$ cat structure_0.cif   # mmCIF, C-alpha atoms
data_coords
#
loop_
_atom_site.group_PDB
_atom_site.id
_atom_site.type_symbol
_atom_site.label_atom_id
_atom_site.label_comp_id
_atom_site.auth_asym_id
_atom_site.auth_seq_id
_atom_site.Cartn_x
_atom_site.Cartn_y
_atom_site.Cartn_z
ATOM 1 C CA ALA E 1 23.941 -6.270 -27.049
ATOM 2 C CA PHE E 2 20.338 -7.359 -26.523
ATOM 3 C CA LEU E 3 21.401 -10.487 -24.632
ATOM 4 C CA ARG E 4 23.740 -8.448 -22.408
ATOM 5 C CA MET E 5 20.896 -6.026 -21.662
ATOM 6 C CA ARG E 6 18.614 -8.963 -20.834
ATOM 7 C CA ASP E 7 21.215 -10.374 -18.432
ATOM 8 C CA ARG E 8 21.634 -6.995 -16.705
ATOM 9 C CA ILE E 9 17.875 -6.702 -16.229
ATOM 10 C CA ARG E 10 17.711 -10.221 -14.812
ATOM 11 C CA ARG E 11 20.517 -9.460 -12.370
ATOM 12 C CA GLN E 12 18.768 -6.288 -11.213
ATOM 13 C CA ILE E 13 15.499 -8.162 -10.678
ATOM 14 C CA ASP E 14 17.297 -10.925 -8.787
ATOM 15 C CA GLN E 15 19.083 -8.402 -6.566
ATOM 16 C CA ARG E 16 15.860 -6.581 -5.681
ATOM 17 C CA THR E 17 14.073 -9.860 -4.994
ATOM 18 C CA GLU E 18 16.902 -11.074 -2.770
ATOM 19 C CA MET E 19 16.884 -7.748 -0.907
ATOM 20 C CA LEU E 20 13.145 -8.018 -0.287
ATOM 21 C CA ALA E 21 13.523 -11.573 0.961
ATOM 22 C CA GLY E 22 16.443 -10.610 3.210
ATOM 23 C CA VAL E 23 14.680 -7.648 4.800
ATOM 24 C CA SER E 24 11.484 -9.624 5.357
ATOM 25 C CA HIS E 25 13.404 -12.516 6.883
ATOM 26 C CA ASP E 26 15.415 -10.257 9.210
ATOM 27 C CA LEU E 27 12.275 -8.600 10.545
ATOM 28 C CA ARG E 28 10.778 -11.901 11.671
ATOM 29 C CA THR E 29 13.204 -12.218 14.601
ATOM 30 C CA PRO E 30 12.362 -8.925 16.390
ATOM 31 C CA LEU E 31 8.663 -9.549 15.744
ATOM 32 C CA THR E 32 8.955 -12.933 17.447
ATOM 33 C CA ARG E 33 10.634 -11.316 20.474
ATOM 34 C CA MET E 34 7.871 -8.711 20.644
ATOM 35 C CA LYS E 35 5.228 -11.446 20.588
ATOM 36 C CA LEU E 36 6.899 -13.253 23.480
ATOM 37 C CA GLN E 37 7.125 -10.059 25.551
ATOM 38 C CA LEU E 38 3.452 -9.300 24.906
ATOM 39 C CA GLU E 39 2.436 -12.800 25.963
ATOM 40 C CA MET E 40 4.177 -12.263 29.303
ATOM 41 C CA ALA E 41 2.608 -8.830 29.835
ATOM 42 C CA ALA E 42 -0.642 -8.272 31.706
ATOM 43 C CA ALA E 43 -3.871 -8.354 29.698
ATOM 44 C CA ASP E 44 -4.932 -4.935 28.442
ATOM 45 C CA ASP E 45 -7.095 -3.593 25.618
ATOM 46 C CA SER E 46 -4.183 -1.629 24.150
ATOM 47 C CA LEU E 47 -2.062 -4.790 24.167
ATOM 48 C CA THR E 48 -4.779 -6.603 22.248
ATOM 49 C CA GLU E 49 -4.577 -3.989 19.508
ATOM 50 C CA LEU E 50 -0.782 -4.245 19.513
ATOM 51 C CA LYS E 51 -1.008 -8.016 19.177
ATOM 52 C CA ASN E 52 -3.334 -7.570 16.202
ATOM 53 C CA ASP E 53 -0.832 -5.186 14.602
ATOM 54 C CA ILE E 54 2.004 -7.673 15.072
ATOM 55 C CA ALA E 55 -0.110 -10.476 13.621
ATOM 56 C CA GLU E 56 -0.853 -8.286 10.595
ATOM 57 C CA MET E 57 2.852 -7.454 10.186
ATOM 58 C CA GLU E 58 3.718 -11.147 10.292
ATOM 59 C CA HIS E 59 1.089 -11.836 7.661
ATOM 60 C CA MET E 60 2.499 -9.087 5.446
ATOM 61 C CA LEU E 61 6.052 -10.386 5.874
ATOM 62 C CA GLU E 62 4.940 -13.874 4.915
ATOM 63 C CA GLY E 63 3.368 -12.361 1.822
ATOM 64 C CA ASP E 64 6.596 -10.530 0.971
ATOM 65 C CA LEU E 65 8.606 -13.723 1.380
ATOM 66 C CA ALA E 66 6.130 -15.640 -0.757
ATOM 67 C CA PHE E 67 6.404 -12.974 -3.453
ATOM 68 C CA ALA E 68 10.207 -13.103 -3.290
ATOM 69 C CA ARG E 69 10.064 -16.884 -3.688
ATOM 70 C CA GLY E 70 7.641 -16.565 -6.574
ATOM 71 C CA GLU E 71 4.730 -17.846 -4.483
ATOM 72 C CA GLY E 72 2.645 -14.684 -4.297
ATOM 73 C CA ASN E 73 -0.570 -16.366 -5.441
ATOM 74 C CA GLU E 74 -3.309 -15.043 -3.188
ATOM 75 C CA PRO E 75 -6.568 -16.171 -4.830
ATOM 76 C CA MET E 76 -9.284 -13.836 -6.021
ATOM 77 C CA ALA E 77 -12.367 -13.927 -3.814
ATOM 78 C CA ALA E 78 -15.624 -12.013 -3.444
ATOM 79 C CA THR E 79 -14.827 -9.307 -0.890
ATOM 80 C CA ASP E 80 -16.914 -6.867 1.125
ATOM 81 C CA LEU E 81 -15.068 -3.828 -0.165
ATOM 82 C CA THR E 82 -17.031 -1.383 1.985
ATOM 83 C CA GLY E 83 -16.154 -3.351 5.122
ATOM 84 C CA LEU E 84 -12.519 -3.493 4.052
ATOM 85 C CA LEU E 85 -12.427 0.275 3.592
ATOM 86 C CA LYS E 86 -13.911 0.776 7.062
ATOM 87 C CA THR E 87 -11.144 -1.396 8.494
ATOM 88 C CA ILE E 88 -8.521 0.699 6.704
ATOM 89 C CA VAL E 89 -10.083 3.890 8.089
ATOM 90 C CA ARG E 90 -10.105 2.433 11.605
ATOM 91 C CA ASP E 91 -6.431 1.478 11.388
ATOM 92 C CA ALA E 92 -5.492 4.879 9.966
ATOM 93 C CA THR E 93 -7.346 6.617 12.798
ATOM 94 C CA ARG E 94 -5.475 4.511 15.351
ATOM 95 C CA SER E 95 -2.254 5.661 13.707
ATOM 96 C CA GLY E 96 -3.230 9.292 14.272
ATOM 97 C CA ALA E 97 -4.748 10.192 10.900
ATOM 98 C CA ASN E 98 -7.690 12.589 10.736
ATOM 99 C CA ILE E 99 -9.736 10.794 8.090
ATOM 100 C CA ASP E 100 -13.310 10.925 6.779
ATOM 101 C CA PHE E 101 -14.993 8.055 4.939
ATOM 102 C CA THR E 102 -17.840 8.191 2.428
ATOM 103 C CA CYS E 103 -19.498 5.278 0.629
ATOM 104 C CA ASP E 104 -23.150 5.497 -0.446
ATOM 105 C CA GLU E 105 -23.702 1.767 -1.009
ATOM 106 C CA ALA E 106 -22.447 -1.676 -0.062
ATOM 107 C CA LEU E 107 -19.704 -2.576 -2.529
ATOM 108 C CA THR E 108 -18.635 -6.150 -3.218
ATOM 109 C CA LEU E 109 -15.871 -7.072 -5.637
ATOM 110 C CA SER E 110 -13.764 -10.107 -6.483
ATOM 111 C CA VAL E 111 -10.201 -9.124 -5.518
ATOM 112 C CA ARG E 112 -7.118 -10.357 -3.708
ATOM 113 C CA ARG E 113 -8.191 -9.000 -0.335
ATOM 114 C CA ASP E 114 -4.821 -8.626 1.371
ATOM 115 C CA ALA E 115 -3.250 -7.079 -1.714
ATOM 116 C CA ILE E 116 -6.045 -4.529 -2.190
ATOM 117 C CA ARG E 117 -5.926 -3.689 1.508
ATOM 118 C CA ARG E 118 -2.211 -2.970 1.201
ATOM 119 C CA CYS E 119 -2.778 -0.920 -1.951
ATOM 120 C CA ILE E 120 -5.414 1.353 -0.398
ATOM 121 C CA SER E 121 -3.628 1.516 2.959
ATOM 122 C CA ASN E 122 -0.509 2.759 1.170
ATOM 123 C CA LEU E 123 -2.524 5.506 -0.523
ATOM 124 C CA VAL E 124 -4.125 6.542 2.780
ATOM 125 C CA SER E 125 -0.796 6.438 4.609
ATOM 126 C CA ASN E 126 0.789 8.608 1.930
ATOM 127 C CA ALA E 127 -2.054 11.134 2.181
ATOM 128 C CA ALA E 128 -1.864 11.255 5.989
ATOM 129 C CA LYS E 129 1.881 11.784 5.810
ATOM 130 C CA TYR E 130 1.560 15.037 3.876
ATOM 131 C CA GLY E 131 -1.832 16.386 4.930
ATOM 132 C CA ASP E 132 -3.522 16.870 8.291
ATOM 133 C CA GLN E 133 -6.937 16.024 6.809
ATOM 134 C CA VAL E 134 -7.646 12.958 4.662
ATOM 135 C CA SER E 135 -10.796 11.830 2.884
ATOM 136 C CA LEU E 136 -11.508 8.305 1.600
ATOM 137 C CA SER E 137 -14.497 7.766 -0.675
ATOM 138 C CA ALA E 138 -15.759 4.940 -2.870
ATOM 139 C CA ALA E 139 -18.494 4.637 -5.475
ATOM 140 C CA ARG E 140 -19.575 2.426 -8.344
ATOM 141 C CA LYS E 141 -19.169 4.107 -11.751
ATOM 142 C CA LYS E 142 -20.705 1.967 -14.530
ATOM 143 C CA ASP E 143 -18.184 -0.812 -15.206
ATOM 144 C CA LYS E 144 -15.731 0.079 -12.456
ATOM 145 C CA ILE E 145 -15.384 1.036 -8.821
ATOM 146 C CA GLU E 146 -13.652 4.327 -8.100
ATOM 147 C CA ILE E 147 -11.858 4.861 -4.799
ATOM 148 C CA ASN E 148 -10.520 8.343 -4.089
ATOM 149 C CA VAL E 149 -8.009 9.313 -1.419
ATOM 150 C CA ASP E 150 -7.761 13.081 -0.922
ATOM 151 C CA ASP E 151 -5.565 15.202 1.326
ATOM 152 C CA ASN E 152 -5.096 18.900 2.045
ATOM 153 C CA GLY E 153 -1.299 18.785 1.807
ATOM 154 C CA PRO E 154 1.034 20.584 -0.612
ATOM 155 C CA GLY E 155 0.200 18.294 -3.543
ATOM 156 C CA ILE E 156 2.509 17.190 -6.349
ATOM 157 C CA PRO E 157 3.165 19.102 -9.603
ATOM 158 C CA THR E 158 1.454 17.501 -12.593
ATOM 159 C CA ASP E 159 4.736 16.861 -14.401
ATOM 160 C CA LEU E 160 5.896 14.669 -11.493
ATOM 161 C CA HIS E 161 2.785 12.487 -11.200
ATOM 162 C CA GLU E 162 4.419 9.566 -13.013
ATOM 163 C CA THR E 163 7.751 10.003 -11.242
ATOM 164 C CA VAL E 164 6.311 9.238 -7.797
ATOM 165 C CA PHE E 165 5.410 5.706 -8.893
ATOM 166 C CA ARG E 166 9.040 4.830 -9.519
ATOM 167 C CA ALA E 167 10.699 2.780 -6.808
ATOM 168 C CA PHE E 168 12.678 4.846 -4.266
ATOM 169 C CA SER E 169 11.740 8.135 -5.921
ATOM 170 C CA ARG E 170 12.137 11.250 -3.742
ATOM 171 C CA LEU E 171 10.322 14.523 -4.247
ATOM 172 C CA ASP E 172 11.992 16.758 -1.677
ATOM 173 C CA GLN E 173 10.973 19.947 -3.437
ATOM 174 C CA SER E 174 7.330 19.076 -4.036
ATOM 175 C CA ARG E 175 6.238 17.467 -0.774
ATOM 176 C CA ASN E 176 6.998 17.711 2.908
ATOM 177 C CA THR E 177 10.743 18.251 3.220
ATOM 178 C CA GLU E 178 10.851 16.457 6.565
ATOM 179 C CA THR E 179 9.625 13.169 5.103
ATOM 180 C CA GLY E 180 11.530 13.510 1.852
ATOM 181 C CA GLY E 181 9.620 11.320 -0.544
ATOM 182 C CA VAL E 182 7.160 8.472 -0.967
ATOM 183 C CA GLY E 183 9.463 5.436 -0.854
ATOM 184 C CA LEU E 184 7.889 2.279 -2.215
ATOM 185 C CA GLY E 185 4.300 2.852 -1.098
ATOM 186 C CA LEU E 186 2.936 4.199 -4.374
ATOM 187 C CA THR E 187 5.060 1.803 -6.426
ATOM 188 C CA ILE E 188 3.547 -1.196 -4.630
ATOM 189 C CA ALA E 189 0.057 0.300 -4.815
ATOM 190 C CA LYS E 190 0.233 0.759 -8.576
ATOM 191 C CA ASP E 191 1.617 -2.754 -9.120
ATOM 192 C CA ILE E 192 -1.296 -4.194 -7.133
ATOM 193 C CA ALA E 193 -3.794 -2.120 -9.107
ATOM 194 C CA HIS E 194 -2.323 -3.386 -12.377
ATOM 195 C CA THR E 195 -2.522 -7.034 -11.280
ATOM 196 C CA HIS E 196 -6.266 -6.479 -10.781
ATOM 197 C CA GLY E 197 -6.663 -4.927 -14.228
ATOM 198 C CA GLY E 198 -7.041 -1.525 -12.609
ATOM 199 C CA GLU E 199 -5.185 1.760 -12.530
ATOM 200 C CA ILE E 200 -4.137 4.537 -10.173
ATOM 201 C CA GLN E 201 -4.177 8.146 -11.319
ATOM 202 C CA LEU E 202 -3.077 11.270 -9.482
ATOM 203 C CA GLY E 203 -4.709 14.649 -9.722
ATOM 204 C CA GLU E 204 -5.593 17.804 -7.838
ATOM 205 C CA SER E 205 -7.818 17.261 -4.833
ATOM 206 C CA PRO E 206 -10.838 19.457 -4.090
ATOM 207 C CA MET E 207 -9.314 19.649 -0.593
ATOM 208 C CA GLY E 208 -6.360 21.536 -2.075
ATOM 209 C CA GLY E 209 -3.771 18.745 -1.971
ATOM 210 C CA LEU E 210 -3.358 15.499 -3.891
ATOM 211 C CA ARG E 211 -6.046 13.090 -5.079
ATOM 212 C CA ALA E 212 -5.099 9.463 -5.692
ATOM 213 C CA SER E 213 -7.822 7.639 -7.631
ATOM 214 C CA LEU E 214 -7.914 3.841 -7.751
ATOM 215 C CA TYR E 215 -10.060 2.329 -10.517
ATOM 216 C CA LEU E 216 -10.980 -1.349 -10.287
ATOM 217 C CA PRO E 217 -13.006 -3.137 -12.996
ATOM 218 C CA VAL E 218 -16.259 -4.733 -11.868
#

$ encode --input "structure_0.cif" --output "structure tokens"
Amino acid sequence: AFLRMRDRIRRQIDQRTEMLAGVSHDLRTPLTRMKLQLEMAAADDSLTELKNDIAEMEHMLEGDLAFARGEGNEPMAATDLTGLLKTIVRDATRSGANIDFTCDEALTLSVRRDAIRRCISNLVSNAAKYGDQVSLSAARKKDKIEINVDDNGPGIPTDLHETVFRAFSRLDQSRNTETGGVGLGLTIAKDIAHTHGGEIQLGESPMGGLRASLYLPV
């Protein structure tokens, strides 16, 4: 019975990995067409930003494919965390989010930069999806760095805080009924936090909505 259970788990993991690889591979073709069309378009500041977005998407897809192939081995490196957070805020603002940023000191930490950027971006994106005001703050707390993402949305009941981290979970009754759930964003964010020896916890925000707290060891 144990061996049969092990085989079922392996099949499920293989299926999810193959799905991730397939989706990532399929998206490369339309991205390539978009790049070609942009290259033929007239130079414009807005096009420059669009080109940067496409380049970032390609980089993320390559990371997904590497993960699916078992090659997700981005090295740890000393990172200007404050600068990274400012970049995330800038991108969120370009996407239409109303976001404030607070960080009282320059924070540097050894992390996998792209992974941590995706982790925090997912938290910010989730907050902006359900609230019309978002706050991102970071501070050093003894042996860890605490990053808080707050929103003024409807929040999530305490008994469902763990449920939202499950892949493909939907919380139609607790969050915005038009969006219908959190997809994989929080699942990926928590996995990234764990690979850094950190943790993500949810709680009530002083803004009235949800607070997502990321703790990373120094």

$ resolve_selection --input "structure_0.cif" --expression "the PyMOL selection byres ((chain E and resi 34) around 12)" --output "number ranges by chain"
E: 27-33, 35-41, 47, 50-51, 53-55, 57-58

$ write_last_selection --input "structure_0.cif" --atoms "C-alpha atoms" --output "mmCIF file, in the frame of the given file"
data_model
loop_
_atom_site.group_PDB
_atom_site.id
_atom_site.type_symbol
_atom_site.label_atom_id
_atom_site.label_comp_id
_atom_site.auth_asym_id
_atom_site.auth_seq_id
_atom_site.Cartn_x
_atom_site.Cartn_y
_atom_site.Cartn_z
ATOM 1 C CA LEU E 27 12.275 -8.600 10.545
ATOM 2 C CA ARG E 28 10.778 -11.901 11.671
ATOM 3 C CA THR E 29 13.204 -12.218 14.601
ATOM 4 C CA PRO E 30 12.362 -8.925 16.390
ATOM 5 C CA LEU E 31 8.663 -9.549 15.744
ATOM 6 C CA THR E 32 8.955 -12.933 17.447
ATOM 7 C CA ARG E 33 10.634 -11.316 20.474
ATOM 8 C CA LYS E 35 5.228 -11.446 20.588
ATOM 9 C CA LEU E 36 6.899 -13.253 23.480
ATOM 10 C CA GLN E 37 7.125 -10.059 25.551
ATOM 11 C CA LEU E 38 3.452 -9.300 24.906
ATOM 12 C CA GLU E 39 2.436 -12.800 25.963
ATOM 13 C CA MET E 40 4.177 -12.263 29.303
ATOM 14 C CA ALA E 41 2.608 -8.830 29.835
ATOM 15 C CA LEU E 47 -2.062 -4.790 24.167
ATOM 16 C CA LEU E 50 -0.782 -4.245 19.513
ATOM 17 C CA LYS E 51 -1.008 -8.016 19.177
ATOM 18 C CA ASP E 53 -0.832 -5.186 14.602
ATOM 19 C CA ILE E 54 2.004 -7.673 15.072
ATOM 20 C CA ALA E 55 -0.110 -10.476 13.621
ATOM 21 C CA MET E 57 2.852 -7.454 10.186
ATOM 22 C CA GLU E 58 3.718 -11.147 10.292
#

$ resolve_selection --input "structure_0.cif" --expression "the PyMOL selection byres ((chain E and resi 138) around 8)" --output "VMD selection string"
chain E and resid 102 to 104 136 to 137 139 to 140 145 to 148

$ resolve_selection --input "structure_0.cif" --expression "the PyMOL selection byres ((chain E and resi 127) around 10)" --output "ChimeraX atom specification"
/E:97,99,121-126,128-136,149-153,155,209-212

$ residues_near_point --input "structure_0.cif" --point "(-12.1, -9.7, 0.3)" --cutoff "8 Å" --atoms "only C-alpha atoms" --output "ChimeraX atom specification"
/E:77-81,84,109-114

$ atom_distance --input "structure_0.cif" --atom1 "CA of Cys119 (chain E)" --atom2 "CA of Ala189 (chain E)"
4.2 Å

$ residues_around --input "structure_0.cif" --residues "Gln201 (chain E)" --least-positions-apart "6" --cutoff "9 Å" --atoms "all atoms listed in the file" --output "list in words"
His161, Glu162, Arg211, Ala212, Ser213, Leu214 and Tyr215 of chain E

$ residues_around --input "structure_0.cif" --residues "Thr195 (chain E)" --least-positions-apart "2" --cutoff "12 Å" --atoms "all atoms listed in the file" --output "list in words"
Gly72, Asn73, Glu74, Pro75, Met76, Val111, Arg112, Ala115, Ile116, Cys119, Ile188, Ala189, Lys190, Asp191, Ile192, Ala193, Gly197, Gly198, Glu199, Ile200, Leu216 and Pro217 of chain E

$ axis_aligned_box --input "structure_0.cif" --around "region 145-152 of chain E" --padding-each-side "5 Å" --output "AutoDock Vina command-line options"
--center_x -10.2 --center_y 10.0 --center_z -3.4 --size_x 20.3 --size_y 27.9 --size_z 20.9
